[in-house]
>>> print(open('work-v4.cif').read())   # mmCIF, C-alpha atoms and all ligand atoms
data_coords
loop_
_atom_site.label_atom_id
_atom_site.label_comp_id
_atom_site.auth_asym_id
_atom_site.auth_seq_id
_atom_site.Cartn_x
_atom_site.Cartn_y
_atom_site.Cartn_z
CA MET A 1 -43.88 -7.36 12.19
CA ALA A 2 -44.24 -10.48 14.33
CA LEU A 3 -41.64 -13.20 13.95
CA GLU A 4 -44.12 -15.58 12.30
CA GLN A 5 -44.91 -12.96 9.65
CA LEU A 6 -41.20 -12.47 9.02
CA TYR A 7 -40.82 -16.23 8.59
CA VAL A 8 -43.58 -16.23 5.98
CA LYS A 9 -42.05 -13.26 4.14
CA ALA A 10 -38.56 -14.81 4.16
CA LEU A 11 -39.81 -18.24 3.05
CA GLY A 12 -41.76 -16.53 0.27
CA HIS A 13 -38.49 -15.06 -1.05
CA GLY A 14 -39.53 -11.59 0.08
CA GLN A 15 -36.93 -8.84 0.46
CA LEU A 16 -36.66 -7.93 4.13
CA ASN A 17 -35.95 -4.30 4.97
CA VAL A 18 -33.39 -3.25 7.61
CA ASP A 19 -35.82 -3.39 10.55
CA GLU A 20 -37.28 -6.71 9.45
CA GLY A 21 -33.84 -8.21 8.86
CA LEU A 22 -32.58 -6.96 12.22
CA SER A 23 -35.62 -8.38 14.03
CA LEU A 24 -35.17 -11.76 12.44
CA TYR A 25 -31.41 -11.73 13.03
CA THR A 26 -31.63 -10.80 16.69
CA LYS A 27 -34.87 -12.47 17.81
CA ALA A 28 -35.42 -15.70 15.88
CA PRO A 29 -34.18 -18.91 17.49
CA LEU A 30 -31.13 -20.22 15.63
CA GLU A 31 -32.90 -23.44 14.61
CA ASP A 32 -35.69 -21.43 12.93
CA LEU A 33 -33.18 -19.27 11.05
CA MET A 34 -31.32 -22.39 9.92
CA PHE A 35 -34.55 -24.01 8.73
CA ILE A 36 -35.58 -20.98 6.67
CA ALA A 37 -32.08 -20.53 5.22
CA ASN A 38 -31.97 -24.20 4.26
CA GLN A 39 -35.28 -23.95 2.45
CA LEU A 40 -33.99 -20.95 0.50
CA ARG A 41 -30.73 -22.73 -0.28
CA GLN A 42 -32.81 -25.46 -1.90
CA ILE A 43 -34.50 -22.87 -4.13
CA HIS A 44 -31.17 -21.44 -5.28
CA ASN A 45 -29.20 -24.68 -5.35
CA PRO A 46 -31.48 -27.72 -5.19
CA GLY A 47 -29.96 -30.97 -3.96
CA LYS A 48 -27.04 -31.85 -1.72
CA THR A 49 -24.02 -30.73 -3.70
CA VAL A 50 -21.55 -28.52 -1.84
CA GLY A 51 -18.96 -26.72 -3.93
CA TRP A 52 -15.22 -26.56 -3.29
CA MET A 53 -12.19 -25.72 -5.39
CA VAL A 54 -8.42 -25.57 -5.55
CA ASP A 55 -6.79 -22.20 -5.89
CA ARG A 56 -3.84 -20.29 -4.58
CA ASN A 57 -3.41 -16.89 -3.05
CA ILE A 58 -0.33 -15.07 -4.24
CA ASN A 59 0.37 -11.75 -2.63
CA LEU A 60 1.58 -9.15 -5.09
CA THR A 61 3.20 -7.05 -2.40
CA ASN A 62 2.85 -6.48 1.33
CA ILE A 63 3.61 -2.75 1.04
CA CYS A 64 0.43 -0.77 1.62
CA PHE A 65 -0.30 2.84 2.42
CA SER A 66 -3.73 1.98 3.83
CA GLN A 67 -2.61 0.59 7.21
CA CYS A 68 -6.04 -0.80 8.14
CA SER A 69 -6.18 -1.40 11.88
CA PHE A 70 -7.33 -5.03 11.49
CA CYS A 71 -4.42 -5.95 9.18
CA ASN A 72 -1.02 -7.11 10.36
CA PHE A 73 0.07 -8.32 6.96
CA CYS A 74 0.94 -4.92 5.48
CA ARG A 75 4.23 -3.01 5.81
CA LYS A 76 4.95 0.66 5.21
CA LYS A 77 6.98 1.76 2.19
CA GLY A 78 10.67 1.53 3.09
CA SER A 79 10.17 -1.24 5.65
CA PRO A 80 12.95 -3.87 5.55
CA GLU A 81 10.20 -6.52 5.56
CA GLY A 82 8.44 -5.06 2.50
CA TYR A 83 8.44 -7.05 -0.74
CA VAL A 84 7.07 -7.13 -4.27
CA THR A 85 6.67 -10.67 -5.56
CA THR A 86 9.13 -11.57 -8.32
CA MET A 87 8.35 -13.38 -11.57
CA ASP A 88 10.45 -16.35 -10.39
CA ASP A 89 8.16 -16.65 -7.36
CA TYR A 90 5.03 -16.49 -9.53
CA ILE A 91 6.37 -19.23 -11.79
CA LYS A 92 7.26 -21.48 -8.83
CA LYS A 93 3.87 -20.98 -7.19
CA ILE A 94 1.79 -21.32 -10.35
CA ASP A 95 3.66 -24.48 -11.41
CA GLU A 96 2.85 -25.92 -7.97
CA LEU A 97 -0.81 -24.90 -8.32
CA PHE A 98 -1.12 -26.64 -11.70
CA SER A 99 0.58 -29.75 -10.33
CA LEU A 100 -2.18 -29.89 -7.67
CA GLY A 101 -4.87 -29.56 -10.34
CA GLY A 102 -5.77 -25.91 -9.70
CA ASP A 103 -5.97 -23.20 -12.34
CA GLN A 104 -6.93 -20.02 -10.45
CA ILE A 105 -4.90 -17.55 -8.45
CA LEU A 106 -6.30 -15.06 -6.02
CA LEU A 107 -3.85 -12.28 -6.69
CA GLN A 108 -4.04 -9.63 -4.02
CA GLY A 109 -1.89 -7.58 -1.72
CA GLY A 110 -1.32 -4.12 -0.45
CA MET A 111 -1.87 -0.83 -2.21
CA ASN A 112 1.76 -0.12 -2.94
CA PRO A 113 2.26 3.55 -3.89
CA ASP A 114 5.05 2.58 -6.31
CA LEU A 115 2.79 0.33 -8.42
CA GLY A 116 0.55 1.88 -11.08
CA LEU A 117 -1.92 0.42 -13.56
CA ARG A 118 0.84 -0.46 -16.04
CA PHE A 119 2.47 -2.73 -13.47
CA TYR A 120 -0.75 -4.77 -13.14
CA THR A 121 -1.59 -4.92 -16.85
CA ASP A 122 1.99 -5.98 -17.70
CA LEU A 123 1.92 -8.61 -14.95
CA PHE A 124 -1.45 -10.04 -16.03
CA ARG A 125 -0.31 -10.18 -19.68
CA SER A 126 2.95 -11.93 -18.77
CA LEU A 127 1.18 -14.51 -16.61
CA LYS A 128 -1.47 -15.20 -19.24
CA SER A 129 1.14 -15.58 -21.98
CA MET A 130 3.02 -18.15 -19.89
CA TYR A 131 -0.14 -19.91 -18.59
CA PRO A 132 -2.99 -19.40 -21.09
CA THR A 133 -5.47 -21.46 -19.02
CA LEU A 134 -4.70 -19.63 -15.77
CA LYS A 135 -7.63 -17.74 -14.23
CA LEU A 136 -6.91 -14.43 -12.50
CA HIS A 137 -9.25 -13.62 -9.61
CA SER A 138 -7.48 -10.44 -8.68
CA LEU A 139 -7.36 -7.10 -6.90
CA GLY A 140 -10.57 -5.67 -5.42
CA PRO A 141 -12.61 -2.45 -5.30
CA PRO A 142 -10.14 -0.52 -3.07
CA GLU A 143 -7.31 -1.12 -5.57
CA ILE A 144 -9.56 -0.06 -8.48
CA VAL A 145 -10.47 3.17 -6.62
CA TYR A 146 -6.78 3.76 -5.88
CA LEU A 147 -5.67 3.09 -9.49
CA ALA A 148 -8.46 5.26 -10.91
CA LYS A 149 -7.34 8.21 -8.74
CA LYS A 150 -3.65 7.63 -9.45
CA GLU A 151 -4.12 7.34 -13.24
CA ARG A 152 -6.99 9.87 -13.50
CA LEU A 153 -9.21 7.30 -15.17
CA SER A 154 -12.79 6.17 -14.51
CA TYR A 155 -13.50 2.87 -12.73
CA CYS A 156 -14.85 1.58 -16.05
CA GLU A 157 -11.61 2.48 -17.85
CA VAL A 158 -9.40 0.85 -15.19
CA LEU A 159 -11.52 -2.31 -15.12
CA SER A 160 -11.64 -2.52 -18.91
CA LEU A 161 -7.85 -2.21 -19.21
CA LEU A 162 -7.35 -4.87 -16.54
CA MET A 163 -9.86 -7.17 -18.28
CA GLU A 164 -8.08 -6.69 -21.62
CA ALA A 165 -4.84 -7.67 -19.86
CA GLY A 166 -6.37 -10.87 -18.43
CA LEU A 167 -8.43 -10.15 -15.30
CA ASP A 168 -11.10 -12.89 -15.12
CA SER A 169 -13.02 -11.91 -11.99
CA LEU A 170 -12.97 -9.32 -9.22
CA PRO A 171 -12.97 -10.47 -5.57
CA GLY A 172 -15.15 -8.57 -3.12
CA ALA A 173 -12.11 -7.68 -1.05
CA GLY A 174 -12.02 -4.64 1.18
CA ALA A 175 -15.76 -4.55 1.88
CA GLU A 176 -15.29 -5.15 5.62
CA ILE A 177 -18.53 -3.46 6.73
CA LEU A 178 -20.12 -1.12 4.20
CA SER A 179 -20.66 1.73 6.64
CA ASP A 180 -18.60 4.91 6.52
CA ARG A 181 -18.78 5.19 10.33
CA VAL A 182 -17.07 1.80 10.64
CA ARG A 183 -14.67 2.39 7.76
CA LYS A 184 -13.43 5.64 9.33
CA ILE A 185 -12.38 3.59 12.35
CA VAL A 186 -10.92 0.43 10.79
CA SER A 187 -9.76 1.50 7.31
CA PRO A 188 -9.89 5.29 6.92
CA ALA A 189 -7.56 5.41 3.90
CA LYS A 190 -9.46 2.82 1.93
CA ALA A 191 -12.45 3.06 -0.45
CA THR A 192 -15.62 4.51 1.07
CA THR A 193 -18.91 2.62 1.03
CA SER A 194 -20.13 4.36 -2.11
CA GLU A 195 -16.75 3.99 -3.86
CA TRP A 196 -16.74 0.24 -3.13
CA LEU A 197 -20.28 -0.14 -4.41
CA ASN A 198 -19.67 2.02 -7.50
CA VAL A 199 -16.68 -0.09 -8.56
CA MET A 200 -18.83 -3.20 -8.28
CA LYS A 201 -21.61 -1.51 -10.23
CA GLU A 202 -19.19 -0.82 -13.10
CA ALA A 203 -17.83 -4.37 -12.92
CA HIS A 204 -21.38 -5.71 -13.19
CA LYS A 205 -22.06 -3.51 -16.23
CA LEU A 206 -18.90 -4.91 -17.86
CA ASN A 207 -20.09 -8.44 -16.98
CA LEU A 208 -16.98 -9.11 -14.93
CA PRO A 209 -17.85 -11.85 -12.39
CA THR A 210 -17.52 -10.59 -8.81
CA SER A 211 -17.91 -11.84 -5.28
CA ALA A 212 -19.17 -10.06 -2.17
CA THR A 213 -17.76 -10.38 1.34
CA MET A 214 -18.25 -9.16 4.88
CA MET A 215 -15.68 -9.04 7.67
CA TYR A 216 -17.64 -8.62 10.87
CA GLY A 217 -17.10 -8.84 14.61
CA HIS A 218 -15.09 -5.67 15.33
CA VAL A 219 -16.58 -2.18 15.83
CA GLU A 220 -19.80 -2.51 13.85
CA THR A 221 -23.32 -2.68 15.28
CA LEU A 222 -25.71 -5.51 14.48
CA LYS A 223 -27.79 -3.06 12.45
CA GLU A 224 -24.73 -2.14 10.36
CA ARG A 225 -24.28 -5.83 9.51
CA ILE A 226 -27.83 -5.97 8.19
CA GLU A 227 -27.39 -2.69 6.31
CA HIS A 228 -24.26 -4.15 4.70
CA LEU A 229 -26.26 -7.09 3.37
CA ILE A 230 -28.99 -4.82 2.07
CA HIS A 231 -26.44 -2.62 0.23
CA LEU A 232 -25.23 -5.75 -1.55
CA ARG A 233 -28.75 -6.94 -2.38
CA GLN A 234 -29.73 -3.53 -3.76
CA LEU A 235 -26.65 -3.44 -5.99
CA GLN A 236 -27.30 -6.98 -7.23
CA ASP A 237 -30.85 -5.92 -8.13
CA MET A 238 -29.36 -3.23 -10.38
CA LYS A 239 -27.09 -5.50 -12.41
CA PRO A 240 -27.98 -5.96 -16.07
CA GLU A 241 -30.04 -9.08 -16.62
CA ASP A 242 -27.93 -12.09 -17.68
CA HIS A 243 -24.74 -10.49 -16.31
CA TYR A 244 -22.85 -12.29 -13.57
CA GLY A 245 -23.08 -9.67 -10.83
CA PHE A 246 -22.16 -11.08 -7.43
CA ILE A 247 -21.70 -14.82 -7.94
CA THR A 248 -21.27 -15.48 -4.25
CA PHE A 249 -21.27 -13.96 -0.77
CA ILE A 250 -18.64 -14.93 1.81
CA PRO A 251 -18.82 -13.72 5.44
CA TRP A 252 -15.87 -14.13 7.77
CA PRO A 253 -15.10 -12.95 11.29
CA PHE A 254 -12.43 -10.44 12.27
CA GLN A 255 -9.28 -12.30 13.40
CA ASP A 256 -7.82 -10.16 16.14
CA GLU A 257 -4.42 -11.69 16.96
CA GLY A 258 -1.64 -9.09 16.76
CA THR A 259 -3.81 -6.46 15.08
CA GLU A 260 -3.71 -2.77 15.98
CA LEU A 261 -7.42 -2.94 16.80
CA LEU A 262 -6.58 -5.34 19.61
CA THR A 263 -3.16 -4.18 20.74
CA LYS A 264 -3.83 -0.42 20.65
CA HIS A 265 -7.59 -0.22 21.11
CA GLY A 266 -8.40 -3.40 23.02
CA ILE A 267 -11.01 -4.51 20.48
CA ARG A 268 -11.32 -8.28 20.44
CA SER A 269 -13.14 -10.29 17.82
CA SER A 270 -16.71 -10.96 18.92
CA TYR A 271 -16.68 -14.21 16.94
CA THR A 272 -18.52 -17.25 18.28
CA GLY A 273 -19.38 -20.42 16.37
CA PRO A 274 -23.17 -20.09 16.82
CA GLY A 275 -22.86 -16.40 15.92
CA TYR A 276 -21.21 -17.35 12.62
CA ILE A 277 -23.98 -19.80 11.80
CA ARG A 278 -26.53 -17.08 12.51
CA ILE A 279 -24.66 -14.74 10.12
CA VAL A 280 -24.63 -17.38 7.38
CA ALA A 281 -28.35 -18.02 7.81
CA ILE A 282 -29.40 -14.35 7.83
CA SER A 283 -27.16 -13.72 4.80
CA ARG A 284 -28.95 -16.45 2.86
CA ILE A 285 -32.31 -14.98 3.89
CA ILE A 286 -31.55 -11.32 3.12
CA LEU A 287 -29.48 -11.89 -0.02
CA ASN A 288 -32.32 -13.45 -1.94
CA ASN A 289 -30.72 -12.52 -5.28
CA ILE A 290 -27.23 -14.00 -4.73
CA ARG A 291 -27.16 -17.68 -5.61
CA ASN A 292 -24.18 -18.92 -3.64
CA ILE A 293 -23.30 -18.48 0.02
CA GLN A 294 -19.83 -19.64 0.98
CA ALA A 295 -18.81 -20.51 4.51
CA SER A 296 -15.26 -19.42 5.30
CA ILE A 297 -13.88 -22.71 6.57
CA LEU A 298 -10.37 -21.20 6.56
CA THR A 299 -11.34 -18.81 9.34
CA VAL A 300 -14.04 -20.70 11.27
CA GLY A 301 -12.68 -24.24 11.03
CA GLN A 302 -14.13 -27.62 10.24
CA GLU A 303 -17.03 -27.96 12.69
CA ILE A 304 -18.57 -24.54 12.19
CA GLY A 305 -17.95 -24.89 8.45
CA MET A 306 -19.92 -28.16 8.46
CA LEU A 307 -22.79 -26.67 10.48
CA SER A 308 -22.94 -23.68 8.13
CA LEU A 309 -23.91 -26.11 5.37
CA HIS A 310 -27.11 -26.73 7.35
CA ALA A 311 -27.73 -22.99 7.64
CA GLY A 312 -27.95 -21.99 3.99
CA ALA A 313 -24.33 -22.20 2.82
CA ASN A 314 -23.75 -24.30 -0.30
CA ASP A 315 -20.00 -23.88 -0.66
CA LEU A 316 -16.85 -24.23 1.44
CA GLY A 317 -14.52 -22.32 -0.83
CA SER A 318 -11.01 -23.35 -1.63
CA ILE A 319 -8.32 -25.48 -0.09
CA MET A 320 -6.34 -22.23 -0.64
CA ILE A 321 -2.69 -23.14 -0.80
CA GLU A 322 -1.57 -19.83 0.70
CA GLU A 323 -3.47 -17.07 2.47
CA ASN A 324 -1.22 -14.61 4.23
CA VAL A 325 -3.62 -11.85 5.32
CA VAL A 326 -5.88 -14.22 7.25
CA SER A 327 -3.07 -16.41 8.58
CA ALA A 328 -1.10 -13.35 9.73
CA ALA A 329 -4.03 -12.56 12.03
CA GLY A 330 -4.32 -15.92 13.71
CA SER A 331 -6.14 -18.39 11.49
CA SER A 332 -4.45 -21.77 11.12
CA ASN A 333 -7.10 -23.91 9.42
CA ARG A 334 -5.66 -25.82 6.48
CA PHE A 335 -7.20 -28.66 4.48
CA ASN A 336 -6.05 -30.71 1.53
CA ALA A 337 -8.37 -31.84 -1.29
CA SER A 338 -9.30 -35.20 0.24
CA GLU A 339 -9.88 -33.67 3.70
CA MET A 340 -12.16 -31.05 2.17
CA GLN A 341 -14.23 -33.72 0.44
CA GLU A 342 -14.42 -35.81 3.63
CA ILE A 343 -15.62 -32.77 5.60
CA ILE A 344 -18.42 -32.18 3.08
CA LYS A 345 -19.44 -35.86 3.14
CA GLU A 346 -19.35 -36.00 6.94
CA ALA A 347 -21.72 -33.02 7.03
CA GLY A 348 -24.17 -35.07 4.92
CA PHE A 349 -23.55 -33.53 1.51
CA ILE A 350 -21.92 -34.42 -1.82
CA PRO A 351 -18.66 -32.66 -2.69
CA GLY A 352 -18.70 -30.94 -6.08
CA ARG A 353 -15.47 -29.51 -7.35
CA ARG A 354 -16.11 -26.26 -9.17
CA ASN A 355 -14.36 -23.49 -11.07
CA GLN A 356 -14.23 -19.83 -10.06
CA LYS A 357 -17.58 -19.13 -11.74
CA TYR A 358 -19.24 -21.74 -9.51
CA GLU A 359 -19.66 -24.15 -12.45
CA MET A 360 -19.15 -27.80 -11.50
CA ILE A 361 -16.17 -29.46 -13.21
S1 LIG B 1 -6.22 -5.00 4.61
FE1 LIG B 1 -5.44 -4.65 2.56
S2 LIG B 1 -5.69 -2.44 2.22
FE2 LIG B 1 -5.82 -2.77 4.44
S3 LIG B 1 -3.71 -2.48 5.18
FE3 LIG B 1 -3.98 -4.68 4.80
S4 LIG B 1 -3.20 -4.97 2.73
FE4 LIG B 1 -3.60 -2.76 2.97
#
>>> encode(input="work-v4.cif", output="structure tokens", more="lines below")
Ligand code: SF4
Amino acid sequence: MALEQLYVKALGHGQLNVDEGLSLYTKAPLEDLMFIANQLRQIHNPGKTVGWMVDRNINLTNICFSQCSFCNFCRKKGSPEGYVTTMDDYIKKIDELFSLGGDQILLQGGMNPDLGLRFYTDLFRSLKSMYPTLKLHSLGPPEIVYLAKKERLSYCEVLSLLMEAGLDSLPGAGAEILSDRVRKIVSPAKATTSEWLNVMKEAHKLNLPTSATMMYGHVETLKERIEHLIHLRQLQDMKPEDHYGFITFIPWPFQDEGTELLTKHGIRSSYTGPGYIRIVAISRIILNNIRNIQASILTVGQEIGMLSLHAGANDLGSIMIEENVVSAAGSSNRFNASEMQEIIKEAGFIPGRRNQKYEMI
């Protein structure tokens, strides 16, 4: 299909297939992609409001058997640097979060072989009994796959027990690139493509809000990036009507500093600023059934974050008080609440503080 025909199909909210998406992604001038993505952003989120929020990442543990080659946050069991976060630490960090006006924690960490489902349900219950208004955006499909295998339960049973204990939403962590060829190279011990998607399918049936992500710029091909987006779109199409499904999509680039991919295999991040804007725009175009596209200002920084808002993104995420996995791999972007709002205004938009369900507050 000629580029002009692809423009018409995309602007008409048509679902591009892999070849069409790849053509548009690789051949369209960036300004055209940005224009189309902006038009589609206005269909999903009319107006100039750009969302942002306050939340805090608390790492449950840095002990992980997975040893993904892009991660330099994790430690092996028995390492003197390994830890499991204590209740005193949670209390200190959550008190600080509430004092800054936040009410959500992104509770993630490694897949620690010593921690079973009971550990997580007890933890969620304790936190919710101490902080009834706290929102838990926690774990991710790889942990659900791991817990299901460990406890011999279905994904539905694990998710239901976690929801009963207080899980409010499931981050799209561990998606990286949804291609088993890529996953065998960068995260061979982690959930496969179909396992990741099947967990999300169950979460959508249970009406647990979820997010979708992509970490790109390592060993994947351009076609595999497009296939990743189409996997997500197809799953979103299958969610029960009126259920949350994927509330948002967040792409971020591989951060290579100190990772095994770089030090042992010489694989550098292929990130460039214009390349990120192109990813944001093509994501908005292909994911025509996911309402929110978030630019990862934590990893790409202020300028590219601002430009992404002109390429289909309608959200800049959180001022995230703590984010150890990304910062351990070389990202040092940090913003406070007033800086975040200034960035949004400087880009020509209106800041709108939101909750974790993307509802303005
Ligand atoms: S990215 Fe996550 S699953 Fe992979 S090694 Fe790091 S902590 Fe473990």
>>> residues_near_point(input="work-v4.cif", point="(-25.1, -1.2, -16.9)", cutoff="7 Å", atoms="all atoms listed in the file", output="PyMOL selection string")
chain A and resi 204-205+239-240
>>> closest_residue(input="work-v4.cif", among="A:Val280, A:Leu178, A:Ile94, A:Leu316", to="His231 of chain A", atoms="all atoms listed in the file")
A:Leu178
>>> closest_atom_pairs(input="work-v4.cif", of="chain A", to="ligand LIG 1 (chain B)", cutoff="10 Å", atoms="only C-alpha atoms and all ligand atoms", output="tab-separated table")
residue	atom	partner	partner_atom	distance
A:Asn59	CA	B:LIG1	S4	9.4
A:Thr61	CA	B:LIG1	S4	8.5
A:Asn62	CA	B:LIG1	S4	6.4
A:Ile63	CA	B:LIG1	S4	7.4
A:Cys64	CA	B:LIG1	FE4	4.7
A:Phe65	CA	B:LIG1	FE4	6.5
A:Ser66	CA	B:LIG1	S3	4.7
A:Gln67	CA	B:LIG1	S3	3.8
A:Cys68	CA	B:LIG1	S3	4.1
A:Ser69	CA	B:LIG1	S3	7.2
A:Phe70	CA	B:LIG1	S1	7.0
A:Cys71	CA	B:LIG1	FE3	4.6
A:Asn72	CA	B:LIG1	FE3	6.8
A:Phe73	CA	B:LIG1	FE3	5.9
A:Cys74	CA	B:LIG1	S4	5.0
A:Arg75	CA	B:LIG1	S3	8.0
A:Lys76	CA	B:LIG1	S3	9.2
A:Gln108	CA	B:LIG1	S4	8.2
A:Gly109	CA	B:LIG1	S4	5.3
A:Gly110	CA	B:LIG1	S4	3.8
A:Met111	CA	B:LIG1	FE4	5.8
A:Asn112	CA	B:LIG1	FE4	8.4
A:Leu139	CA	B:LIG1	FE1	10.0
A:Gly140	CA	B:LIG1	FE1	9.5
A:Pro142	CA	B:LIG1	S2	7.2
A:Glu143	CA	B:LIG1	S2	8.1
A:Ala173	CA	B:LIG1	FE1	8.2
A:Gly174	CA	B:LIG1	FE1	6.7
A:Ala175	CA	B:LIG1	S1	9.9
A:Glu176	CA	B:LIG1	S1	9.1
A:Val186	CA	B:LIG1	FE2	8.8
A:Ser187	CA	B:LIG1	FE2	6.5
A:Pro188	CA	B:LIG1	FE2	9.4
A:Ala189	CA	B:LIG1	S2	8.2
A:Lys190	CA	B:LIG1	S2	6.5
A:Ala191	CA	B:LIG1	S2	9.1
A:Asn324	CA	B:LIG1	S4	10.0
A:Val325	CA	B:LIG1	FE3	7.2
A:Val326	CA	B:LIG1	S1	9.6
>>> atom_distance(input="work-v4.cif", atom1="atom CA of Ser79 of chain A", atom2="atom CA of Ile185 of chain A")
24.0 Å
>>> closest_residue(input="work-v4.cif", among="A:Leu134, A:Ile36, A:Leu117, A:Leu6", to="Leu153 of chain A", atoms="only C-alpha atoms")
A:Leu117
>>> residues_around(input="work-v4.cif", residues="Met214 of chain A", least_positions_apart="4", cutoff="12 Å", atoms="all atoms listed in the file", output="ChimeraX atom specification")
/A:171-179,218,220,224-232,248-254,276,279-280,283,293-296
>>> closest_residue(input="work-v4.cif", among="A:Leu161, A:Ala10, A:Cys156, A:Val145", to="Thr192 of chain A", atoms="all atoms listed in the file")
A:Val145
>>> closest_residue(input="work-v4.cif", among="A:Asp103, A:Asp122, A:Ala313, A:Ala281", to="Ala28 of chain A", atoms="all atoms listed in the file")
A:Ala281
>>> residues_around(input="work-v4.cif", residues="segment 49-54 of chain A", least_positions_apart="5", cutoff="8 Å", atoms="only C-alpha atoms", output="PyMOL selection string")
chain A and resi 100-104+309+314-321+337+340+344+349-356+358+360
>>> residues_around(input="work-v4.cif", residues="Thr121 of chain A", least_positions_apart="2", cutoff="12 Å", atoms="all atoms listed in the file", output="PyMOL selection string")
chain A and resi 115-119+123-128+136+138-139+147+158-167
>>> atom_distance(input="work-v4.cif", atom1="atom CA of Gly301 of chain A", atom2="atom CA of Lys357 of chain A")
23.8 Å
>>> closest_residue(input="work-v4.cif", among="A:Ser269, A:Thr259, A:Ser308, A:Thr210", to="His243 of chain A", atoms="only C-alpha atoms")
A:Thr210
